[in-house]
Every structure is written in C-alpha cells, then in structure tokens.
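final_19.txt (compact mmCIF, C-alpha atoms)
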# COMPACT_ATOMS: atom_id res chain seq x y z
CA MET N 24 85.70 128.57 104.21
CA VAL N 25 84.92 124.85 103.94
CA SER N 26 87.69 122.66 102.52
CA ARG N 27 86.78 120.79 99.36
CA SER N 28 86.66 117.00 99.57
CA PRO N 29 89.07 115.05 97.34
CA LEU N 30 85.95 113.60 95.69
CA SER N 31 82.62 115.19 94.80
CA PRO N 32 79.27 113.48 94.09
CA VAL N 33 78.63 112.88 90.40
CA GLY N 34 75.38 113.08 88.48
CA ARG N 35 73.46 110.13 87.09
CA GLU N 36 73.90 110.81 83.39
CA THR N 37 76.80 109.08 81.56
CA LEU N 38 77.67 107.70 84.96
CA GLN N 39 80.56 105.43 84.08
CA ASP N 40 82.48 108.14 82.23
CA ARG N 41 81.83 110.71 84.95
CA VAL N 42 83.00 108.41 87.74
CA TYR N 43 86.18 107.69 85.80
CA ALA N 44 86.72 111.39 85.08
CA GLU N 45 86.24 112.37 88.73
CA LEU N 46 88.65 109.72 90.01
CA ARG N 47 91.15 110.58 87.29
CA ARG N 48 90.96 114.29 88.12
CA SER N 49 91.49 113.64 91.82
CA LEU N 50 94.49 111.40 91.17
CA MET N 51 96.07 113.78 88.66
CA HIS N 52 95.78 116.71 91.08
CA GLY N 53 97.35 114.77 93.93
CA MET N 54 94.25 114.41 96.09
CA PHE N 55 95.34 110.98 97.36
CA ASP N 56 98.47 110.06 99.31
CA ALA N 57 100.87 107.48 97.94
CA GLY N 58 99.96 104.09 99.34
CA ALA N 59 96.34 105.05 100.07
CA VAL N 60 94.02 102.05 99.66
CA LEU N 61 90.88 102.86 97.66
CA ARG N 62 87.90 100.68 98.56
CA ILE N 63 85.06 100.37 96.12
CA GLN N 64 82.28 100.73 98.70
CA ASP N 65 83.84 103.86 100.23
CA LEU N 66 84.34 105.50 96.83
CA ALA N 67 80.82 104.64 95.71
CA ALA N 68 79.42 106.29 98.84
CA LYS N 69 81.50 109.45 98.34
CA LEU N 70 80.61 109.63 94.68
CA ASP N 71 76.93 108.89 95.42
CA THR N 72 76.75 106.04 92.92
CA SER N 73 76.64 102.25 92.74
CA THR N 74 79.72 100.08 92.97
CA MET N 75 79.74 98.89 89.32
CA PRO N 76 80.93 102.13 87.65
CA VAL N 77 83.50 102.61 90.43
CA ARG N 78 84.84 99.08 89.91
CA GLU N 79 85.11 99.65 86.16
CA ALA N 80 86.79 103.03 86.59
CA LEU N 81 89.32 101.60 89.02
CA GLY N 82 90.09 98.79 86.60
CA GLN N 83 90.77 101.31 83.85
CA LEU N 84 93.01 103.37 86.12
CA VAL N 85 94.95 100.24 87.08
CA SER N 86 95.53 99.54 83.39
CA GLU N 87 96.84 103.11 83.02
CA GLN N 88 99.30 102.55 85.92
CA ALA N 89 97.70 105.30 87.98
CA LEU N 90 96.64 102.66 90.53
CA GLU N 91 97.82 99.18 91.39
CA ALA N 92 95.75 96.11 92.22
CA LEU N 93 96.21 94.36 95.57
CA PRO N 94 95.69 90.64 96.28
CA ASN N 95 92.54 91.36 98.35
CA ARG N 96 90.83 92.85 95.26
CA SER N 97 91.19 96.42 96.51
CA VAL N 98 93.49 98.93 94.81
CA ARG N 99 95.94 101.48 96.08
CA VAL N 100 97.77 104.56 94.94
CA PRO N 101 101.30 103.38 94.06
CA LEU N 102 103.97 103.79 96.71
CA ILE N 103 106.74 106.31 96.15
CA THR N 104 109.97 104.57 95.21
CA ARG N 105 113.26 106.01 94.02
CA GLU N 106 113.14 103.93 90.83
CA ARG N 107 109.65 105.13 89.90
CA LEU N 108 110.50 108.70 90.89
CA ASP N 109 113.53 108.77 88.59
CA ASP N 110 111.62 107.09 85.76
CA LEU N 111 108.70 109.54 85.93
CA ALA N 112 110.98 112.57 86.19
CA ARG N 113 112.97 111.43 83.15
CA ALA N 114 109.86 110.71 81.07
CA ARG N 115 108.20 114.00 81.97
CA VAL N 116 111.28 116.03 81.09
CA LEU N 117 111.54 114.31 77.71
CA VAL N 118 107.87 114.54 76.70
CA GLU N 119 107.03 117.91 78.22
CA GLY N 120 110.32 119.35 77.01
CA ALA N 121 109.40 118.36 73.45
CA LEU N 122 105.96 119.96 73.78
CA THR N 123 107.43 123.14 75.25
CA SER N 124 109.94 123.39 72.42
CA LEU N 125 107.17 122.98 69.85
CA ALA N 126 104.96 125.54 71.60
CA SER N 127 107.63 128.18 72.14
CA GLY N 128 107.22 129.67 68.66
CA ARG N 129 103.43 129.34 68.51
CA LEU N 130 102.21 131.20 71.58
CA THR N 131 100.55 134.56 70.94
CA ALA N 132 100.19 137.72 73.03
CA PRO N 133 96.79 136.56 74.41
CA ASP N 134 98.41 133.25 75.35
CA PHE N 135 101.04 135.04 77.39
CA GLU N 136 98.35 137.13 79.08
CA THR N 137 96.61 133.91 80.08
CA LEU N 138 99.83 132.34 81.36
CA ARG N 139 100.70 135.43 83.42
CA ALA N 140 97.17 135.57 84.87
CA LEU N 141 97.30 131.88 85.85
CA THR N 142 100.69 132.36 87.50
CA GLU N 143 99.54 135.45 89.39
CA ARG N 144 96.50 133.53 90.66
CA CYS N 145 98.77 130.67 91.70
CA ASP N 146 101.04 133.08 93.59
CA ALA N 147 98.02 134.52 95.38
CA ALA N 148 96.71 131.06 96.24
CA PHE N 149 100.04 129.95 97.71
CA GLY N 150 100.07 133.06 99.89
CA SER N 151 96.52 132.56 101.15
CA ASP N 152 95.11 130.79 104.20
CA ASP N 153 92.61 128.89 102.06
CA PRO N 154 92.23 125.33 103.44
CA ASP N 155 91.69 124.22 99.84
CA LYS N 156 95.02 125.73 98.77
CA ALA N 157 96.57 122.45 97.60
CA HIS N 158 93.66 121.71 95.26
CA THR N 159 93.49 125.28 93.93
CA THR N 160 97.21 125.55 93.19
CA SER N 161 97.26 122.10 91.60
CA GLU N 162 94.45 123.01 89.19
CA LEU N 163 96.11 126.32 88.31
CA ASN N 164 99.43 124.56 87.73
CA HIS N 165 97.71 122.06 85.45
CA SER N 166 95.97 124.84 83.50
CA PHE N 167 99.28 126.68 83.09
CA HIS N 168 101.22 123.74 81.70
CA PHE N 169 98.49 122.33 79.49
CA HIS N 170 97.81 125.75 77.96
CA ILE N 171 101.41 125.58 76.72
CA TYR N 172 101.27 121.93 75.68
CA ARG N 173 98.08 122.31 73.65
CA ALA N 174 99.70 125.18 71.76
CA ALA N 175 102.30 122.68 70.52
CA GLY N 176 99.66 121.16 68.24
CA SER N 177 100.59 117.52 68.89
CA ALA N 178 97.54 115.28 69.21
CA VAL N 179 99.87 112.31 69.81
CA LEU N 180 101.88 113.73 72.73
CA ILE N 181 99.01 115.24 74.75
CA PRO N 182 97.58 111.84 75.84
CA VAL N 183 101.12 110.75 76.74
CA VAL N 184 101.72 113.74 79.00
CA GLU N 185 98.26 113.31 80.55
CA SER N 186 99.19 109.73 81.46
CA LEU N 187 102.46 110.92 83.00
CA TRP N 188 100.65 113.55 85.09
CA LEU N 189 98.16 110.92 86.20
CA GLN N 190 100.99 108.71 87.44
CA SER N 191 102.74 111.70 89.02
CA GLY N 192 99.81 112.70 91.25
CA PRO N 193 101.15 111.17 94.49
CA TYR N 194 104.57 112.73 93.86
CA VAL N 195 103.03 116.16 93.34
CA ARG N 196 101.15 115.75 96.61
CA ALA N 197 104.27 114.63 98.48
CA ALA N 198 106.33 117.53 97.09
CA ALA N 199 103.64 120.04 98.10
CA GLN N 200 103.72 118.70 101.65
CA ILE N 201 107.51 119.09 101.79
CA HIS N 202 107.77 122.50 100.10
CA ASP N 203 108.31 125.45 102.44
CA GLU N 204 107.21 128.66 100.75
CA ASP N 205 109.26 130.78 103.19
CA ARG N 206 112.47 128.72 102.96
CA ASP N 207 112.53 127.44 99.36
CA ILE N 208 112.22 129.36 96.10
CA ARG N 209 108.59 130.20 95.47
CA ALA N 210 106.61 127.50 93.74
CA THR N 211 105.96 129.63 90.62
CA HIS N 212 109.58 130.76 90.18
CA PHE N 213 110.19 128.63 87.09
CA HIS N 214 106.77 129.47 85.65
CA TRP N 215 107.84 133.10 85.41
CA ALA N 216 111.19 132.06 83.92
CA LEU N 217 109.37 129.89 81.39
CA ILE N 218 107.04 132.73 80.35
CA GLU N 219 110.00 135.09 79.91
CA ALA N 220 111.94 132.58 77.80
CA MET N 221 108.96 131.79 75.57
CA GLU N 222 108.24 135.48 75.03
CA ARG N 223 111.82 135.77 73.72
CA ARG N 224 111.10 132.78 71.43
CA ASP N 225 114.09 131.05 73.05
CA ALA N 226 113.20 127.36 72.79
CA ASP N 227 116.35 126.17 74.58
CA ALA N 228 115.83 128.48 77.56
CA SER N 229 112.16 127.51 77.64
CA VAL N 230 113.02 123.82 77.89
CA ARG N 231 115.60 124.55 80.61
CA ALA N 232 113.03 126.44 82.70
CA LEU N 233 110.46 123.67 82.19
CA THR N 234 113.02 121.02 83.17
CA GLN N 235 113.91 122.94 86.33
CA ASP N 236 110.21 123.28 87.19
CA ILE N 237 109.62 119.54 86.85
CA THR N 238 112.78 118.40 88.61
CA ARG N 239 112.29 120.81 91.55
CA SER N 240 109.35 118.78 92.86
CA PHE N 241 111.06 115.45 92.31
CA ASP N 242 114.26 116.74 93.95
CA LEU N 243 112.27 117.68 97.07
CA ILE N 244 111.04 114.10 97.37
CA ARG N 245 114.48 112.70 96.57
CA GLY N 246 115.93 114.76 99.41
CA ALA N 247 113.28 113.45 101.80
CA LEU N 248 114.10 109.86 100.75
CA ASP N 249 117.82 110.52 101.33
CA ALA N 250 117.12 111.90 104.81
CA ARG N 251 114.91 108.91 105.67
CA GLU N 252 117.57 106.45 104.52
CA LYS N 253 120.19 108.16 106.69
CA VAL N 254 117.93 107.83 109.72
CA VAL N 255 117.40 104.12 109.01
CA ARG N 256 121.11 103.54 108.37
CA TYR N 257 122.54 105.43 111.33
CA GLY N 258 119.59 105.39 113.76
Let's see the structure in the file written out as structure tokens.
Amino acid sequence: MVSRSPLSPVGRETLQDRVYAELRRSLMHGMFDAGAVLRIQDLAAKLDTSTMPVREALGQLVSEQALEALPNRSVRVPLITRERLDDLARARVLVEGALTSLASGRLTAPDFETLRALTERCDAAFGSDDPDKAHTTSELNHSFHFHIYRAAGSAVLIPVVESLWLQSGPYVRAAAQIHDEDRDIRATHFHWALIEAMERRDADASVRALTQDITRSFDLIRGALDAREKVVRYG
C-alpha cells in the first residue's frame, strides 16, 4: 500500500479556497512537524498550482496562528514550547468541555452507533500495518470529536474549537510519535469512556473523559520535554 502524501494536488476551480482548505486540513491533522519551514514554491509544486493562491493561503493561516512568519518571508509550523502547550491544553479543555456538556443530552441512538463505529475503525487502524496509519487515525479522531461537538448546537463555539485544533496539529503529531500502543493505554481508551458516560446522560463524567482524552496527548509531550531538559541539565 502506498503511503499518502501530506498534500494532494488540488483542482483548478475555486483554486484559492481549495488551496487554503488543503493546507488547513493537513495542518489540523498533524501532517507537518513542529518547526517545519513551508516554502511557497515547494507547496505550489506539490499542490499543482501557481504561487499566488499558496501565498494567500499561508498569509491567512499565519493570521489564524496556525503558522508563523519568518524574517526571510517563508513561514513555519510553530515550534513546540511548554508555554504554548499549556495554553492550548487549557483552552481546548475549556471549549471542548463546554461543547461536550451541551451535547451530552442531545445525542441520539444513531449518534452513538456512529461514535462506536468510528472508534472501532480507529482501533483497527491503530492495530494495522498501514503506512498511512497516522493520517487515517487522525481523520477518524477528528470525525469522532466533531460529531459530538456539532450535536451541541453552538454555531459560535465550533469555529473556536476548529481554530484550536488547527493550532494543535503539531502537538497531535508529536504525541502520536511518542505514543506506544503496547506500553501506554490504547489511544481510544477515553473515547470509549466518553461514549459510555454520554449514553448515561452524565454530563460531568462526559467532560471528565473528554478532559482526560485531551490531556493525555499533551502529557505525553510534556513528559518528553521534561526528559529532554534533564538531559540538557545533567548531561
């Protein structure tokens, strides 16, 4: 099986929007490493388009804090820092916790069937030898969470959580690279706990499971930062 590229060529119609959407999708699903420099010419070649829509899309993503501008007019995926890690984790718990609480009493039996099916597919993907596993599991994870969040019925909070996921892309990628499926709890552990709590209509337990799911990834990175600092400090 051929591994999927982080970027795919886009069509010619509504080009500017499609270039932006493709870059946004790739960033949100953690297809780029933190600190990766994105050059306009390289992206245009991969996307099979001219440089203008790429330049405009990158400018928009910089304004959304998904990317940061460099002095040489290129842009990069933001570096992972402890301050930004803590800030993103805190914001995601607050916003996504509110959406989960709102959704907990609104989900129907078909919704729970969908959530279980997504989680089962995610379990299967994690256990596979698919070279595209990281992309597949990221998309399934996104579908799982946003199925819940859309059920909350908040048109105001959905764009906020989308922005937070966009900024969290490099952290999701870093956590996936650290996670050991054989040593750690399985990646979908808190998804199952969240489904169970929401089926009981227990909003508090639902928010706790969601919080644990979010903080697990950030705690993996925090542990890696701690280990790196010890090496630097003690040699």
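Atom to atom, atom CA of N:Thr160 and atom CA of N:Trp188 stand 14.9 Å apart.
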Open item on the list: With distances taken over all atoms listed in the file, which residue among N:His202, N:Pro133, N:Leu90, N:Leu125 lies nearest N:Ala226?
Closed with: N:Leu125
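If all atoms listed in the file are the atoms counted, then among N:Leu38, N:Ala157, N:Met54, N:Leu111 the closest residue to N:Gln190 is N:Leu111.
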TODO: Please provide as a PyMOL selection string all residues within 12 Å of N:Leu117, with the sequence filter that same-chain residues fewer than 2 positions apart are discarded (counting all atoms listed in the file).
DONE: chain N and resi 110-115+119-124+180+183-184+187+230-231+233-234+237-238
- [ ] Give the answer as one residue: which of N:Pro193, N:Gly176, N:Pro101, N:Gly58 has the shortest atom-to-atom distance to N:Ile244, using all atoms listed in the file?
- [x] N:Pro193
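You can rank N:Arg129, N:Arg144, N:His158, N:Arg209 by their closest distance to N:Arg224 using only C-alpha atoms, and at the top of that list sits N:Arg129.
Of the residues under consideration (N:Lys253, N:Phe241, N:Arg139, N:Glu185), N:Phe241 shows the shortest atom-to-atom contact distance to N:Glu106 when counting only C-alpha atoms.
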Open item on the list: Let me make sure I understand: among N:Lys156, N:Ala126, N:Ala199, N:Asn164, which one has the smallest atom-to-atom distance to N:Asp225 if we use all atoms listed in the file?
Closed with: N:Ala126
TODO: Would you kindly return, as JSON, numbers by chain, each protein, DNA or RNA residue with an atom no farther than 10 Å from any atom of N:Arg245, considering all atoms listed in the file and excluding same-chain residues fewer than 5 positions away?
DONE: {"N": [104, 105, 108, 109, 198, 238, 239, 240, 250, 251]}
Selected residues, C-alpha atoms, written as a short mmCIF file (atom, residue, chain, number, x, y, z; two decimals), keeping the file's coordinate frame, please.
data_model
loop_
_atom_site.label_atom_id
_atom_site.label_comp_id
_atom_site.auth_asym_id
_atom_site.auth_seq_id
_atom_site.Cartn_x
_atom_site.Cartn_y
_atom_site.Cartn_z
CA THR N 104 109.97 104.57 95.21
CA ARG N 105 113.26 106.01 94.02
CA LEU N 108 110.50 108.70 90.89
CA ASP N 109 113.53 108.77 88.59
CA ALA N 198 106.33 117.53 97.09
CA THR N 238 112.78 118.40 88.61
CA ARG N 239 112.29 120.81 91.55
CA SER N 240 109.35 118.78 92.86
CA ALA N 250 117.12 111.90 104.81
CA ARG N 251 114.91 108.91 105.67
#
Open item on the list: I'd like the interatomic distance between atom CA of N:Gln83 and atom CA of N:Ala44, to a tenth of an Å.
Closed with: 10.9 Å
Box in all listed atoms of stretch 162-167 of chain N, axis-aligned, with 3 Å more on each side; write out centre and edge lengths in Å to one decimal as AutoDock Vina command-line options.
--center_x 96.9 --center_y 124.4 --center_z 86.1 --size_x 11.0 --size_y 10.6 --size_z 12.1
- [ ] Would you kindly return, as an NGL selection string, each protein, DNA or RNA residue with an atom no farther than 10 Å from any atom of N:Asp65, considering only C-alpha atoms and excluding same-chain residues fewer than 5 positions away?
- [x] :N and (70-71 or 74 or 77)
